[in-house]
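Contents: one structure, followed by commentary.
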Amino acid sequence: MTGETGEGPVFAGARITVDLAALRANYRHLAKLASPARVAAVVKADAYGLGAAQVAVTLSELGCRDFFVAHLHEALLLKPIVGDHVDLFVLNGLPQGAESACAAAGVIPVLNSWDQAMRWQSLAVETGRRFPAAIQLDSGMSRLGLPPQDVSRLAQEAGFFDQVEVRLMMSHLACADHRDSFANHRQCRAFNALADRLPPAPRSLANSAGIFLGAAFHGELVRPGLALYGAGPFDGETSLMAPVVGLEATVIQVREAPSGTGVGYGLSFVATRPVRIATVAIGYADGWPRRMEGIGAVHFQGRRLPIIGRISMDSLTIDVTSLPEGAIGEGDAVELVGPNQTLSEVAAAVGAIPYEILTGLGRRCRRIYLDGDSLEHDRCG
Ligand SMILES: *Cc1c(COP(=O)(O)O)cnc(C)c1O
């Protein structure tokens, strides 16, 4: 398997595969659902661990013109890669003292407070330029954005709108993943009422799940992250999106153990019969949850192999007794996320959400990009 992926034995360990063709299919699917609204891509946290550069370049080739990251430093890294023909927004706002850096890089802050709005306007006045911005309105999530009284105040500041070009008015849904939550409609109404107080600008409310709530939630721009990356936007429903992410790891040792053998830290697993145990090179430092002890499994040639014992930092152990002797050995790859076990299933097994698992995997796993038959390695790997 390592030979097939062409990455060589020095990289034996855990690897994420990112299917760029599936990513494109998901973008097109969401574009159809959201039309005539435009579809942005949320690529914060290194595109949820998939690689912001690869994801952004792939989607900009499809015509995506709007990207969102959380932090200014993420934007500063990504901007030279995506270029000046796209809008790159910083969701967490404009850090105090970073106004010039933000302007110099051509990055667009999401102005989340009165103070941020005034600082951005001041720099525009000082430099004699008109700066683009998004304005976030707090429609009821109480996380980020101008509260209603500051929206009214801003509406009185004609000078602000001379100095700042509002590319987007946005807000974020607290309960979008609960299709029937009344809070969604309440927030949608509140958002539009707040936006009506300000000069007209394109509106954006929906994340992935919000897109599936219907046209009333789409505005002019929708902001999916997770659905692009292939996970279903609704709790407990099977994914409507093409799977983008796979996870596999290499077997690094196989041993026979008699009944009574203890396995792993704390010897928390003790064999009650003779077993064959394989050690696999992925652990919690790669983002595989420690809570998978005793409940998780991996797959090999379609067969489910239970995880036994604790998850170590760099490895875990599986029971391979059900396989014929010699069927699995050092260098073989086992599937942790793939056709036999979806990301959502892994998350549900440990009471996590797919976002949490996905962003955790990005830290050490090597990324391999698949695109039809061709295969490309992570530029930064
Ligand atoms: C993270 C985020 C998104 C994307 O959310 P998904 O659920 O991954 O689609 C959209 N908007 C804001 C403000 C976010 O913070």
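Ordering of the structure tokens sets the chain letters (A, B, ...), residue numbers begin anew at 1 in every chain, and ligands are numbered from 1 in the order given.
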Give as a ChimeraX atom specification the residues surrounding ligand 1 up to a distance of 7 Å, considering only C-alpha atoms and all ligand atoms.
-> /A:42,91,171-172,206-209,223-227
Skipping near chain neighbours, those fewer than 5 positions away, what residues fall within 12 Å of Leu267 in chain A using only C-alpha atoms, listed as a PyMOL selection string?
-> chain A and resi 260-262+293+308-311+317
Residues near Ala117 in chain A, cut-off 10 Å, only C-alpha atoms, skip fewer than 6 positions along chain, as a PyMOL selection string = chain A and resi 93-94+109-111+133-135+146+154+160+164
Go ahead and save the picked residues with C-alpha atoms, as an mmCIF file, in the first residue's frame.
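selection38.cif, written as the output of this step:
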data_model
loop_
_atom_site.group_PDB
_atom_site.id
_atom_site.type_symbol
_atom_site.label_atom_id
_atom_site.label_comp_id
_atom_site.auth_asym_id
_atom_site.auth_seq_id
_atom_site.Cartn_x
_atom_site.Cartn_y
_atom_site.Cartn_z
ATOM 1 C CA GLY A 93 -12.111 40.651 13.309
ATOM 2 C CA LEU A 94 -9.475 43.351 13.273
ATOM 3 C CA PRO A 109 -11.546 42.377 8.149
ATOM 4 C CA VAL A 110 -14.938 41.368 9.439
ATOM 5 C CA LEU A 111 -15.679 44.334 11.690
ATOM 6 C CA ALA A 133 -14.776 45.488 5.032
ATOM 7 C CA ALA A 134 -17.464 43.085 6.100
ATOM 8 C CA ILE A 135 -19.676 44.074 9.003
ATOM 9 C CA LEU A 146 -22.348 44.668 16.460
ATOM 10 C CA LEU A 154 -23.334 53.213 12.763
ATOM 11 C CA PHE A 160 -18.089 55.684 7.822
ATOM 12 C CA VAL A 164 -15.366 52.056 4.202
#
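Counting only C-alpha atoms and comparing A:Glu220, A:Asp87, A:Glu165, A:Glu248, the residue that lies closest to Phe131 in chain A is A:Glu165.
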Close residues, Ala281 in chain A itself excluded, 7 Å, only C-alpha atoms, min 4 positions apart in chain, as JSON, numbers by chain | {"A": [13, 14, 249, 250, 251, 252, 314, 315, 316]}
Writing out the chosen residues with all heavy atoms as a PDB file, in the first residue's frame:
ATOM      1  N   GLY A  13       3.317   6.091   8.516  1.00  0.00           N
ATOM      2  CA  GLY A  13       2.651   6.733   9.649  1.00  0.00           C
ATOM      3  C   GLY A  13       1.220   6.940   9.247  1.00  0.00           C
ATOM      4  O   GLY A  13       0.667   6.139   8.502  1.00  0.00           O
ATOM      5  N   ALA A  14       0.630   8.025   9.716  1.00  0.00           N
ATOM      6  CA  ALA A  14      -0.762   8.278   9.377  1.00  0.00           C
ATOM      7  C   ALA A  14      -0.832   9.282   8.230  1.00  0.00           C
ATOM      8  O   ALA A  14      -0.029  10.204   8.165  1.00  0.00           O
ATOM      9  CB  ALA A  14      -1.489   8.828  10.593  1.00  0.00           C
ATOM     10  N   ALA A 249      -3.407   4.458   8.189  1.00  0.00           N
ATOM     11  CA  ALA A 249      -2.159   4.421   8.949  1.00  0.00           C
ATOM     12  C   ALA A 249      -1.505   3.064   8.750  1.00  0.00           C
ATOM     13  O   ALA A 249      -2.156   2.086   8.375  1.00  0.00           O
ATOM     14  CB  ALA A 249      -2.426   4.689  10.422  1.00  0.00           C
ATOM     15  N   THR A 250      -0.214   3.023   9.008  1.00  0.00           N
ATOM     16  CA  THR A 250       0.599   1.857   8.679  1.00  0.00           C
ATOM     17  C   THR A 250       0.780   0.943   9.885  1.00  0.00           C
ATOM     18  O   THR A 250       1.032   1.414  10.997  1.00  0.00           O
ATOM     19  CB  THR A 250       1.988   2.335   8.200  1.00  0.00           C
ATOM     20  OG1 THR A 250       1.796   3.289   7.162  1.00  0.00           O
ATOM     21  CG2 THR A 250       2.826   1.192   7.675  1.00  0.00           C
ATOM     22  N   VAL A 251       0.678  -0.351   9.620  1.00  0.00           N
ATOM     23  CA  VAL A 251       1.019  -1.347  10.644  1.00  0.00           C
ATOM     24  C   VAL A 251       2.537  -1.354  10.817  1.00  0.00           C
ATOM     25  O   VAL A 251       3.280  -1.418   9.833  1.00  0.00           O
ATOM     26  CB  VAL A 251       0.519  -2.749  10.216  1.00  0.00           C
ATOM     27  CG1 VAL A 251       1.044  -3.832  11.156  1.00  0.00           C
ATOM     28  CG2 VAL A 251      -1.001  -2.766  10.152  1.00  0.00           C
ATOM     29  N   ILE A 252       2.997  -1.266  12.069  1.00  0.00           N
ATOM     30  CA  ILE A 252       4.454  -1.250  12.286  1.00  0.00           C
ATOM     31  C   ILE A 252       4.953  -2.481  13.061  1.00  0.00           C
ATOM     32  O   ILE A 252       6.151  -2.696  13.166  1.00  0.00           O
ATOM     33  CB  ILE A 252       4.910   0.061  12.983  1.00  0.00           C
ATOM     34  CG1 ILE A 252       4.076   0.372  14.227  1.00  0.00           C
ATOM     35  CG2 ILE A 252       4.866   1.230  11.995  1.00  0.00           C
ATOM     36  CD1 ILE A 252       4.556   1.601  14.989  1.00  0.00           C
ATOM     37  N   ASP A 314       1.501   7.978  19.780  1.00  0.00           N
ATOM     38  CA  ASP A 314       1.954   7.746  18.406  1.00  0.00           C
ATOM     39  C   ASP A 314       1.504   6.423  17.815  1.00  0.00           C
ATOM     40  O   ASP A 314       1.881   6.092  16.692  1.00  0.00           O
ATOM     41  CB  ASP A 314       3.488   7.789  18.360  1.00  0.00           C
ATOM     42  CG  ASP A 314       4.036   8.942  19.167  1.00  0.00           C
ATOM     43  OD1 ASP A 314       3.666  10.081  18.850  1.00  0.00           O
ATOM     44  OD2 ASP A 314       4.788   8.689  20.127  1.00  0.00           O
ATOM     45  N   SER A 315       0.762   5.645  18.575  1.00  0.00           N
ATOM     46  CA  SER A 315       0.333   4.346  18.056  1.00  0.00           C
ATOM     47  C   SER A 315      -0.917   3.859  18.782  1.00  0.00           C
ATOM     48  O   SER A 315      -1.294   4.396  19.825  1.00  0.00           O
ATOM     49  CB  SER A 315       1.456   3.313  18.218  1.00  0.00           C
ATOM     50  OG  SER A 315       1.711   3.070  19.583  1.00  0.00           O
ATOM     51  N   LEU A 316      -1.523   2.849  18.180  1.00  0.00           N
ATOM     52  CA  LEU A 316      -2.625   2.157  18.835  1.00  0.00           C
ATOM     53  C   LEU A 316      -2.508   0.690  18.459  1.00  0.00           C
ATOM     54  O   LEU A 316      -1.773   0.318  17.539  1.00  0.00           O
ATOM     55  CB  LEU A 316      -3.976   2.764  18.441  1.00  0.00           C
ATOM     56  CG  LEU A 316      -4.344   2.879  16.968  1.00  0.00           C
ATOM     57  CD1 LEU A 316      -4.829   1.562  16.379  1.00  0.00           C
ATOM     58  CD2 LEU A 316      -5.428   3.934  16.777  1.00  0.00           C
TER      59      LEU A 316
END
May I have the residues within 12 Å of Gly351 in chain A as a ChimeraX atom specification, using only C-alpha atoms and disregarding those fewer than 3 positions away in the same chain?
-> /A:235-236,289,291-292,295,344-348,354-357
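Note that DSSP on the backbone gives strand (DSSP E) to these residues of range 129-194 of chain A: Phe131, Pro132, Ala133, Ala134, Ile135, Gln136, Val164, Glu165, Val166, Arg167, Leu168, Met169 and Met170 of chain A.
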